[in-house]
Every structure is written in structure tokens, then in C-alpha cells.
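Shown next: upload-v7.cif, given as mmCIF, C-alpha atoms.
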data_my_file
#
loop_
_atom_site.label_atom_id
_atom_site.label_comp_id
_atom_site.auth_asym_id
_atom_site.auth_seq_id
_atom_site.Cartn_x
_atom_site.Cartn_y
_atom_site.Cartn_z
CA ASP Z 1 -13.14 -82.63 -110.37
CA ARG Z 2 -14.01 -79.09 -109.33
CA GLN Z 3 -15.46 -77.99 -112.66
CA ILE Z 4 -17.81 -80.99 -112.83
CA ALA Z 5 -18.95 -80.29 -109.25
CA PHE Z 6 -19.56 -76.62 -110.12
CA ASP Z 7 -21.46 -77.46 -113.30
CA SER Z 8 -23.72 -79.84 -111.40
CA LEU Z 9 -24.25 -77.34 -108.60
CA ASN Z 10 -25.06 -74.57 -111.10
CA GLU Z 11 -27.72 -76.81 -112.66
CA GLN Z 12 -29.24 -77.26 -109.19
CA VAL Z 13 -29.28 -73.47 -108.70
CA ILE Z 14 -30.98 -72.93 -112.06
CA ALA Z 15 -33.64 -75.51 -111.13
CA CYS Z 16 -34.18 -74.11 -107.61
CA ARG Z 17 -37.68 -72.81 -106.81
CA LYS Z 18 -37.38 -72.43 -103.01
CA CYS Z 19 -37.92 -68.64 -102.87
CA GLU Z 20 -41.29 -68.23 -104.56
CA ASP Z 21 -41.23 -64.42 -104.31
CA ILE Z 22 -37.92 -64.22 -106.17
CA VAL Z 23 -38.03 -67.10 -108.64
CA CYS Z 24 -41.04 -65.74 -110.51
CA ARG Z 25 -39.25 -62.40 -111.08
CA ARG Z 26 -35.68 -63.43 -111.84
CA GLN Z 27 -34.24 -63.21 -115.32
CA ARG Z 28 -31.20 -65.37 -114.63
CA THR Z 29 -29.55 -67.07 -111.72
CA VAL Z 30 -26.19 -65.67 -110.66
CA PHE Z 31 -24.00 -68.59 -109.65
CA GLY Z 32 -20.57 -67.01 -109.41
CA VAL Z 33 -17.49 -66.38 -111.55
CA GLY Z 34 -13.76 -66.71 -111.39
CA ALA Z 35 -11.05 -69.20 -110.64
CA ILE Z 36 -12.45 -72.31 -108.98
CA ASN Z 37 -9.05 -72.83 -107.36
CA ALA Z 38 -8.81 -69.22 -106.11
CA ARG Z 39 -6.93 -68.36 -102.93
CA VAL Z 40 -9.37 -65.47 -102.39
CA VAL Z 41 -13.18 -65.46 -102.57
CA MET Z 42 -15.11 -62.20 -102.78
CA PHE Z 43 -18.45 -62.84 -101.05
CA GLY Z 44 -21.29 -60.40 -101.66
CA GLU Z 45 -24.96 -60.02 -100.89
CA ALA Z 46 -27.29 -60.68 -103.82
CA PRO Z 47 -27.57 -59.85 -107.49
CA GLY Z 48 -28.84 -56.42 -108.51
CA GLY Z 49 -30.64 -55.58 -111.74
CA GLU Z 50 -27.56 -55.63 -113.95
CA GLU Z 51 -26.37 -58.88 -112.40
CA ASP Z 52 -29.82 -60.43 -112.92
CA ARG Z 53 -29.65 -59.52 -116.62
CA ALA Z 54 -26.02 -60.65 -117.07
CA GLY Z 55 -26.08 -63.74 -114.86
CA GLU Z 56 -22.79 -62.63 -113.28
CA PRO Z 57 -22.08 -61.07 -109.86
CA PHE Z 58 -20.72 -57.55 -109.38
CA VAL Z 59 -21.08 -56.19 -112.92
CA GLY Z 60 -22.89 -52.93 -112.16
CA PRO Z 61 -21.44 -49.77 -110.61
CA ALA Z 62 -20.53 -51.60 -107.37
CA GLY Z 63 -18.78 -54.26 -109.46
CA GLN Z 64 -16.80 -51.61 -111.31
CA LEU Z 65 -15.63 -50.25 -107.96
CA LEU Z 66 -14.82 -53.80 -106.82
CA ASP Z 67 -12.65 -54.21 -109.93
CA LYS Z 68 -10.74 -51.03 -109.00
CA ILE Z 69 -10.30 -52.27 -105.42
CA LEU Z 70 -8.97 -55.59 -106.71
CA VAL Z 71 -6.46 -53.92 -109.03
CA ALA Z 72 -5.31 -51.58 -106.24
CA SER Z 73 -4.85 -54.65 -104.03
CA GLY Z 74 -2.71 -56.40 -106.62
CA LEU Z 75 -5.45 -58.85 -107.60
CA LYS Z 76 -7.17 -59.45 -110.92
CA ARG Z 77 -10.81 -60.42 -111.28
CA PRO Z 78 -9.97 -63.74 -113.04
CA GLU Z 79 -7.69 -64.73 -110.12
CA VAL Z 80 -10.41 -64.56 -107.48
CA TYR Z 81 -13.82 -66.21 -107.20
CA ILE Z 82 -16.81 -63.90 -106.83
CA VAL Z 83 -20.02 -65.22 -105.30
CA ASN Z 84 -23.10 -63.89 -103.53
CA ALA Z 85 -25.12 -65.23 -100.62
CA LEU Z 86 -28.21 -65.25 -102.88
CA LYS Z 87 -28.26 -66.64 -106.40
CA CYS Z 88 -31.31 -64.61 -107.47
CA ARG Z 89 -32.22 -60.93 -107.28
CA PRO Z 90 -34.60 -59.96 -104.46
CA PRO Z 91 -37.51 -57.77 -105.68
CA ASN Z 92 -36.62 -54.08 -105.81
CA ASN Z 93 -33.08 -54.89 -104.59
CA ARG Z 94 -34.38 -55.32 -101.06
CA THR Z 95 -32.15 -56.85 -98.40
CA PRO Z 96 -32.25 -60.66 -98.49
CA THR Z 97 -34.24 -62.31 -95.73
CA ASP Z 98 -32.79 -64.90 -93.36
CA ALA Z 99 -35.00 -67.55 -95.01
CA GLU Z 100 -33.63 -66.68 -98.47
CA ILE Z 101 -30.05 -66.88 -97.20
CA GLU Z 102 -30.82 -70.28 -95.68
CA ASN Z 103 -32.36 -71.47 -98.96
CA CYS Z 104 -29.12 -70.58 -100.80
CA ARG Z 105 -26.81 -71.78 -98.02
CA PRO Z 106 -26.28 -75.29 -99.46
CA TYR Z 107 -25.17 -73.74 -102.76
CA PHE Z 108 -22.69 -71.17 -101.47
CA GLU Z 109 -21.36 -73.56 -98.83
CA ALA Z 110 -20.73 -76.17 -101.55
CA GLN Z 111 -18.97 -73.52 -103.65
CA LEU Z 112 -16.72 -72.56 -100.73
CA GLU Z 113 -16.09 -76.21 -99.88
CA THR Z 114 -15.09 -76.93 -103.47
CA ILE Z 115 -12.83 -73.88 -103.81
CA GLN Z 116 -11.21 -74.22 -100.37
CA PRO Z 117 -10.07 -70.57 -100.33
CA GLU Z 118 -7.40 -69.27 -98.04
CA TYR Z 119 -9.26 -65.97 -97.67
CA ILE Z 120 -12.89 -64.89 -97.89
CA VAL Z 121 -13.71 -61.19 -98.12
CA CYS Z 122 -17.23 -60.49 -96.83
CA TRP Z 123 -18.56 -57.38 -98.55
CA GLY Z 124 -21.24 -55.97 -96.23
CA SER Z 125 -23.56 -57.14 -93.49
CA VAL Z 126 -25.55 -59.69 -95.52
CA ALA Z 127 -22.34 -61.50 -96.46
CA VAL Z 128 -21.30 -61.42 -92.81
CA ARG Z 129 -24.67 -62.89 -91.78
CA ALA Z 130 -24.32 -65.66 -94.36
CA VAL Z 131 -20.69 -66.62 -93.80
CA LEU Z 132 -20.09 -65.84 -90.13
CA GLY Z 133 -23.67 -66.05 -88.83
CA SER Z 134 -23.15 -62.69 -87.11
CA THR Z 135 -25.49 -59.72 -86.90
CA ASP Z 136 -22.72 -57.44 -85.60
CA SER Z 137 -22.09 -54.38 -87.75
CA VAL Z 138 -19.38 -54.30 -90.39
CA GLY Z 139 -17.73 -51.47 -88.43
CA ARG Z 140 -17.51 -53.69 -85.38
CA LEU Z 141 -16.16 -56.75 -87.24
CA ARG Z 142 -13.66 -55.17 -89.61
CA GLY Z 143 -9.99 -54.73 -88.83
CA ARG Z 144 -9.24 -58.33 -87.87
CA PHE Z 145 -9.55 -61.79 -89.33
CA HIS Z 146 -12.37 -64.18 -88.49
CA ALA Z 147 -12.57 -67.88 -89.36
CA TYR Z 148 -14.79 -70.00 -91.60
CA ARG Z 149 -13.90 -73.67 -92.09
CA GLY Z 150 -10.17 -73.07 -92.27
CA ALA Z 151 -10.35 -69.83 -94.27
CA LYS Z 152 -9.42 -66.41 -92.92
CA VAL Z 153 -12.40 -64.08 -93.26
CA LEU Z 154 -12.02 -60.35 -93.76
CA VAL Z 155 -15.05 -58.13 -93.22
CA THR Z 156 -15.33 -54.79 -95.00
CA TYR Z 157 -17.85 -52.39 -96.48
CA HIS Z 158 -19.83 -53.33 -99.59
CA PRO Z 159 -18.81 -51.43 -102.74
CA ALA Z 160 -22.40 -50.13 -103.10
CA TYR Z 161 -22.06 -48.60 -99.61
CA LEU Z 162 -18.73 -47.08 -100.64
CA LEU Z 163 -20.41 -45.44 -103.64
CA ARG Z 164 -22.92 -43.80 -101.26
CA THR Z 165 -20.35 -43.08 -98.52
CA PRO Z 166 -17.03 -42.23 -100.20
CA ASP Z 167 -15.33 -41.45 -96.87
CA ALA Z 168 -15.50 -45.17 -96.02
CA LYS Z 169 -13.26 -46.03 -98.99
CA LYS Z 170 -10.15 -45.33 -96.90
CA LEU Z 171 -11.36 -47.88 -94.31
CA THR Z 172 -11.88 -50.51 -96.99
CA TRP Z 173 -8.44 -49.75 -98.38
CA GLU Z 174 -6.97 -50.36 -94.91
CA ASP Z 175 -8.84 -53.66 -94.75
CA MET Z 176 -7.68 -54.78 -98.20
CA LYS Z 177 -4.01 -54.02 -97.50
#

Could you rewrite the structure in this file as C-alpha cells?
Amino acid sequence: DRQIAFDSLNEQVIACRKCEDIVCRRQRTVFGVGAINARVVMFGEAPGGEEDRAGEPFVGPAGQLLDKILVASGLKRPEVYIVNALKCRPPNNRTPTDAEIENCRPYFEAQLETIQPEYIVCWGSVAVRAVLGSTDSVGRLRGRFHAYRGAKVLVTYHPAYLLRTPDAKKLTWEDMK
């Protein structure tokens, strides 16, 4: 069953030591949260400081904005599944490397395979790199659906970017509609 698969996978994530630079600094792994039968998966980049402390994705200021975006879109946090490309916080919140994404790939791919979502929302360029394998900009990829193993993939700006660039919020709202 899905929950047993997720519990086993989470134990593998906790035991993972592939990224030596990260593992020695992490407080907690950040596996993901939400409905394991969700129609919609919110796919982010990597845990930040607050996420590292809480062990849950999108709980800091960007997560608070994500919650508002979800409510405005008619979704509730418990109805979706929220996951990041990386399961551990990179030092100083730096951008994850390709090698780190590849180290976590088996975990997030297994999560997506287990959930079988209808939609995946990629929040930012790191999520796009992980899910779609593309280095194209978010601006270039947004506004249309892409595909990942039977799911429709929507690309939009990361909530942290929206906090720094409030004018982009209207573009994300267009995407989420």
C-alpha cells in the first residue's frame, strides 16, 4: 500500500549519506507532506532553514505564500502533496547542484510514482531541472502544460521569488488559474 511504500522510502531518505557536504550539516530530512493520493503535487527546490528544523517542506515565508496561493486556487494544503527535489538543506541555502538532484532523484521519482498525480506544479528552475530535465527559464516554460510520466506539469515562479519580485505574483496567479 502507498503508506507502507512511503514509510519505507522515508527511512531510506533518513539513512542516506550520498551528499557529504549536506548530510553533516542537516538537522532533519524533509521527505514531503500531504495526501499520498493527491491529484496535485507541489514540487519545490530544497529545504530552507525553517524546513530543516521542522522536517516539513514550505513552512517558512515562502510556504506561507504557497498556502495563500493554494487557498486562492481553491486547494487546501492537506489535499495536495508537497515535495522538494532535495531532501536536505544545502549549506547557506545555496542552489542545489546537479549531482545533489541526481542523488535525490530515486526518492522523488518513487514518491511521484507512488502518488500518480494528475498535475505537478514545478515551483522554480530547480524543480524544472529535476522534473523536466530542462535548463530553460521559468519565464520561457510557463503558460502551457508539459508532461512527466502521464502527469500534466505546470511551471511557475517559486514563492521565494515572488516574495522578492511581487510583480510576478500576477503571472503565477495566471498560471494557477

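Atom pair CA of Gly63 in chain Z / CA of Cys104 in chain Z: separated by 21.2 Å.
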
Evaluate the PyMOL selection byres ((chain Z and resi 51) around 12) on the structure here and hand back the selected residues as a ChimeraX atom specification. /Z:26-33,44-50,52-63,83-84,86-90,93

For Lys152 in chain Z, please output as a PyMOL selection string all residues within 7 Å (counting only C-alpha atoms; exclusion window: fewer than 2 positions along the same chain). chain Z and resi 118-120+145-148+150+154

Enter the distance from CA of Ala99 in chain Z to CA of Gly139 in chain Z, in Å, rounded to one decimal.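 A separation of 24.5 Å between them.
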
Counting only C-alpha atoms, I want the residues whose atoms come within 10 Å of (-14.4, -56.5, -89.1) in the file frame, returned as a list of chain:residue names. Z:Cys122, Z:Gly124, Z:Val128, Z:Asp136, Z:Ser137, Z:Val138, Z:Gly139, Z:Arg140, Z:Leu141, Z:Arg142, Z:Gly143, Z:Arg144, Z:Phe145, Z:His146, Z:Val153, Z:Leu154, Z:Val155, Z:Thr156, Z:Tyr157, Z:Asp175
